[in-house]
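Colleague: The following block contains the structure, expressed as structure tokens.
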Amino acid sequence: MKGTKFGCGKAACGACTLHVDGEAIRSCSYAVKFAANKSITTIEGLSTGDQLHPVQQAWMEEVVPQCGYCQPGFMMATAAMLEQIPNPTDEDIDNNIANVCRCATYYRMRKAIHRAAEIKNANL
Amino acid sequence: MTKEKKKFSRRKFLVRSAIGVGVVVGTGYLTRHRWRRSLAGLVNTVESPYMGDTKTPGIWFEITADNQVILHSPKVEMGQGTFTGLAQIAADELEVTIDQMKVVHAASASGNMDGFATGGSTSISSLWQPLRELAATMREMLKNEAAKQLGTDVSGLSAKEGVVSGNGQSLTYGEIVKAVTEWDIPKTPPLKDIKSYQYVGKPVQRVDLKDKVLGTPIFGIDTSLPNMLHGAVVRPSAIGATYVSADTSAADNMPGVVKIVKEKDFVGVVAKSRMEAENAKNAIKVEWSTAQTWQSADIEEMIEVGKGKAFVIQKKGQAKRVLKNEEGVIISAYKSPIGAHAQLEPNGALAHVEGDKATVYISTQVVSITRAEVAKRLGLKAKNVNIQPTFLGGGFGRRLHTPNAIQAAVLSQAVGQPVKCFFNRKEEFQNDTFRPPTHHILKAKLTAEGKIKAIEHNVSSGDVAFGSPMLPGMAEPILGADLGAWRGGMIQYQGIPNFQAISWRVKLPFATSWWRSLGLLANTFAIESFMDELALQADKDPVQFRLDHIQDDDRGYRLKEVIKAAAQKANWKDGVNNGRAMGFAASTDANTPCAQVVEVSVEGKSIKVHKVTCAMDPGLVVNPDQVKAQCEGAIIMGLSAAMFEKMTVVDGSLQPTIYGPYRMALMRHAPKEIDTILLENAETPGAVGEPPLGPIGAAIANAVFRLTGQRLREMPLTLT
């Protein structure tokens, strides 16, 4: 599985974000012992079979990725946020999504996050 | 030969001769200077030609039995959407659907290798003509073969959606190729009418979109081979440090260490895992030789206008004479800092050297240069070195350099196994090929009617193009001025009767090179801030003031149109409304003019950009959605550089070395509204990926002045 990326090794960029028991973790700086007996989800596990996760669907609709390197980390951070905050405001997004994207796809990402919330809530 | 074809050939000739002709050096001082100026103009206005094969469809297209077309792209995909644009262009002439197209990176061994680089916003513009011709030729080859196989005349056959049919018979492309042993390459057929294209001009979904949403694309750092080992090279943290010797005694017997490799210029370690390689590397004590302990103040002093070597790059009328008498001359100085690329995927490579052959897997913008340099270092024949490009985790000019490939290859050769060797983040920041700092002095004189009588731009910069391996050594004495450093540094308001631009070249003690848009970001910041200062002095509306100084020619027309479009769409209004002010700026990069209006507020010392309206004219637009995506990304990247980013030199080292302390725009800084308007006032595609970085810095600074009265003349913009 190659989707989880190394960016900085210091939990400063978020490229390595994955879920440990549903919580978004910057895995480069998370000791393996803390993950023992816990459920780990990476970008590869975000979709279910052919069914994309609402975040991935929204990312497709808004055509977010450019180089794509940081995108799994952003999608994992977003998916975790939507479990806590089903209808995030712009301020919620600003406060919770703090990964680094050098292609600076933030404009479309924000639109995609709002759209993902819509898709997810419609599916409930 | 069509008219278009003739034009292309001429362009190719002119630009090639610009770099390749040494004879000009000897033709006398005056001639040389005039020649430099005309060359400066040429390079600033003409797109680069494509420098690879344009005649052999077989190395570009692979047709599979299940009727897919695999385009082996010599241009790399680093986020700019080139794979998608190329797929659209090829599909339209090949007569296949976009879903039948797949795009992969061409390995150098395939023979389809770009002799230049992926960079300078040239991929689509330079391949527009050759790729259409290649695809049309391939289509005709398939039709000719089908005719042979069906025993019919080709004139009765037509191609559509990957099927050749006629006279009641049909064959898919996949069926046709199965029976072919040798292709005849016919003369280039006439190209289709652009208006009949199904995909060119449409917002086709990125061909790599779904893979990137699933996280499956393979970047350089994801590559692996059986029996792969991991390398780490000790790299200096001090500017100008050269390797002298290494004491490896503490590392020799560390866990996982396979071999310590000492070379004349570096020491590295090969180990079983990345972590073991890093640990052993950290235990090696290297003696470095450094001539001087540099500080930021040293660099700032070096970069001042007047300290380097001057070259006049643009001149019309008598600017020097008009501005000589200082009475009434308006003078302002601007600065930009050292910038880091900060792309997310660190640099590195996986190399596998086997005897006299080598393969290197790498995310690089320079395939042919990497091949040549690896071959040279290892003493191999270039044709025996295969460079396999991968997706790039960001390019931005950071991947125009090859030391990682060389080091990985040397380590692999030393152990006889594949070795992957990457920078860590600190090494990435300290060994970057930085955007050079700049210093600008602008001078102008206004007439009594408030028009610019004369203007002069002095830009002092570290090397950009001369800092990259792409220009042959010969280019330096011929060009004199660094064409990357002055990109965007010429006066675009050519209705002004007297103007000149002077580029000052400074050799800095650390590596500087291409950073997305080259000099455009800093030069436009300086010139367009100054234009607002002049408009204020002249008591004119800043938008109208710019329009009043644009010449009546094609270039001027296109610039005026983007300025008017941006102002109109943004409902341009000078002054402060509800705590927000608008700021305006425009630039011309290569042949692409771009104008931006920003809406800004200030809270305390914090600047907030709410909305950006961008009008750009890149000529024919192949994919409007992806051109807009480039505008949005470039605007936020430019905003990041203008408002936050700065490397400093502290006790000999470049700092900081991590995200966070190296401040960058994040989600919370990105404008919530970006409105992009695309104009197409040229018949062929032009530059896209870099031009929209131009105006943003000045536009923000101009808005901040309206809000606060503070004229910020230095990036990153900082209110006091």
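Note on naming: chains are A, B, ... as they come in the structure tokens, residues start from 1 per chain, ligands start from 1 in the order shown.
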Counting only C-alpha atoms, a student should be able to say which residues of chain A come within 6 Å of chain B; what is the right answer, written as a ChimeraX atom specification?
Modeller: /A:3,7-8,12,56,66-69,72,94,102-106
Colleague: Write out the residues from the selection above, keeping N, CA and C atoms, as a PDB file, in the first residue's frame.
Modeller:
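Once everything was written out, this is out_26.pdb:
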ATOM      1  N   GLY A   3      -0.400   4.528  -0.630  1.00  0.00           N
ATOM      2  CA  GLY A   3      -1.180   5.767  -0.599  1.00  0.00           C
ATOM      3  C   GLY A   3      -0.798   6.737   0.507  1.00  0.00           C
ATOM      4  N   GLY A   7       6.096  12.983   4.082  1.00  0.00           N
ATOM      5  CA  GLY A   7       6.340  14.359   3.656  1.00  0.00           C
ATOM      6  C   GLY A   7       7.464  14.998   4.440  1.00  0.00           C
ATOM      7  N   CYS A   8       7.405  14.892   5.764  1.00  0.00           N
ATOM      8  CA  CYS A   8       8.390  15.615   6.571  1.00  0.00           C
ATOM      9  C   CYS A   8       8.966  14.810   7.728  1.00  0.00           C
ATOM     10  N   ALA A  12       4.461  17.695  10.538  1.00  0.00           N
ATOM     11  CA  ALA A  12       4.274  19.112  10.212  1.00  0.00           C
ATOM     12  C   ALA A  12       3.494  19.338   8.917  1.00  0.00           C
ATOM     13  N   GLN A  56     -14.155  10.936  -1.249  1.00  0.00           N
ATOM     14  CA  GLN A  56     -13.541  10.649  -2.551  1.00  0.00           C
ATOM     15  C   GLN A  56     -14.476  11.034  -3.703  1.00  0.00           C
ATOM     16  N   GLN A  66      -4.003  17.771  -8.018  1.00  0.00           N
ATOM     17  CA  GLN A  66      -3.093  18.133  -9.102  1.00  0.00           C
ATOM     18  C   GLN A  66      -1.973  17.096  -9.097  1.00  0.00           C
ATOM     19  N   CYS A  67      -0.868  17.365  -8.370  1.00  0.00           N
ATOM     20  CA  CYS A  67       0.162  16.322  -8.351  1.00  0.00           C
ATOM     21  C   CYS A  67      -0.324  15.099  -7.595  1.00  0.00           C
ATOM     22  N   GLY A  68      -1.179  15.296  -6.596  1.00  0.00           N
ATOM     23  CA  GLY A  68      -1.829  14.180  -5.925  1.00  0.00           C
ATOM     24  C   GLY A  68      -1.116  13.649  -4.701  1.00  0.00           C
ATOM     25  N   TYR A  69       0.104  14.115  -4.464  1.00  0.00           N
ATOM     26  CA  TYR A  69       0.922  13.509  -3.404  1.00  0.00           C
ATOM     27  C   TYR A  69       0.312  13.702  -2.021  1.00  0.00           C
ATOM     28  N   PRO A  72      -4.147  12.009  -0.372  1.00  0.00           N
ATOM     29  CA  PRO A  72      -4.645  11.000   0.577  1.00  0.00           C
ATOM     30  C   PRO A  72      -4.687  11.539   2.009  1.00  0.00           C
ATOM     31  N   ASP A  94     -11.237  25.555   8.314  1.00  0.00           N
ATOM     32  CA  ASP A  94      -9.976  26.269   8.575  1.00  0.00           C
ATOM     33  C   ASP A  94      -9.277  25.722   9.814  1.00  0.00           C
ATOM     34  N   ARG A 102       1.250  21.796  -1.719  1.00  0.00           N
ATOM     35  CA  ARG A 102       2.079  22.777  -2.420  1.00  0.00           C
ATOM     36  C   ARG A 102       1.479  23.188  -3.771  1.00  0.00           C
ATOM     37  N   CYS A 103       0.696  22.302  -4.385  1.00  0.00           N
ATOM     38  CA  CYS A 103      -0.015  22.724  -5.591  1.00  0.00           C
ATOM     39  C   CYS A 103      -1.098  23.730  -5.207  1.00  0.00           C
ATOM     40  N   ALA A 104      -1.352  23.842  -3.909  1.00  0.00           N
ATOM     41  CA  ALA A 104      -2.310  24.812  -3.364  1.00  0.00           C
ATOM     42  C   ALA A 104      -3.711  24.603  -3.931  1.00  0.00           C
ATOM     43  N   THR A 105      -4.201  23.372  -3.786  1.00  0.00           N
ATOM     44  CA  THR A 105      -5.541  23.054  -4.284  1.00  0.00           C
ATOM     45  C   THR A 105      -6.628  23.410  -3.267  1.00  0.00           C
ATOM     46  N   TYR A 106      -6.295  24.283  -2.333  1.00  0.00           N
ATOM     47  CA  TYR A 106      -7.198  24.575  -1.213  1.00  0.00           C
ATOM     48  C   TYR A 106      -8.579  25.071  -1.645  1.00  0.00           C
TER      49      TYR A 106
END
Colleague: Tell me which protein, DNA and RNA residues are within 6 Å of B:Phe434, counting only C-alpha atoms, leaving out same-chain ones fewer than 4 positions away, and put them as a ChimeraX atom specification.
Modeller: /B:339-340,512-513
Colleague: As a list of chain:residue names, please: all residues of stretch 15-57 of chain A that backbone DSSP puts in strand (DSSP E).
Modeller: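 DSSP on the backbone gives strand (DSSP E) at A:Thr17, A:Leu18, A:His19, A:Val20, A:Glu23, A:Ala24, A:Ile25, A:Arg26, A:Ile40, A:Thr41.
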Colleague: Those residues with C-alpha atoms, as a PDB file, in the first residue's frame please?
Modeller:
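This went into result19.pdb:
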ATOM      1  CA  THR A  17      -2.475  11.148   7.801  1.00  0.00           C
ATOM      2  CA  LEU A  18      -4.418   7.930   8.471  1.00  0.00           C
ATOM      3  CA  HIS A  19      -7.040   6.796  10.963  1.00  0.00           C
ATOM      4  CA  VAL A  20      -6.376   4.985  14.200  1.00  0.00           C
ATOM      5  CA  GLU A  23      -9.130   9.369  14.671  1.00  0.00           C
ATOM      6  CA  ALA A  24      -6.919  11.250  12.182  1.00  0.00           C
ATOM      7  CA  ILE A  25      -3.257  10.663  13.066  1.00  0.00           C
ATOM      8  CA  ARG A  26      -0.091  11.954  11.460  1.00  0.00           C
ATOM      9  CA  ILE A  40      -6.008   1.359  11.269  1.00  0.00           C
ATOM     10  CA  THR A  41      -7.506   2.756   8.083  1.00  0.00           C
TER      11      THR A  41
END
Colleague: So which residues touch B:Ile455 within 7 Å, counting only C-alpha atoms, skipping near sequence neighbours fewer than 6 positions away, as a list in words?
Modeller: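 Those residues are Ala319, Lys443, Ala444, Lys445, Asn498, Phe499 and Gln500 of chain B.
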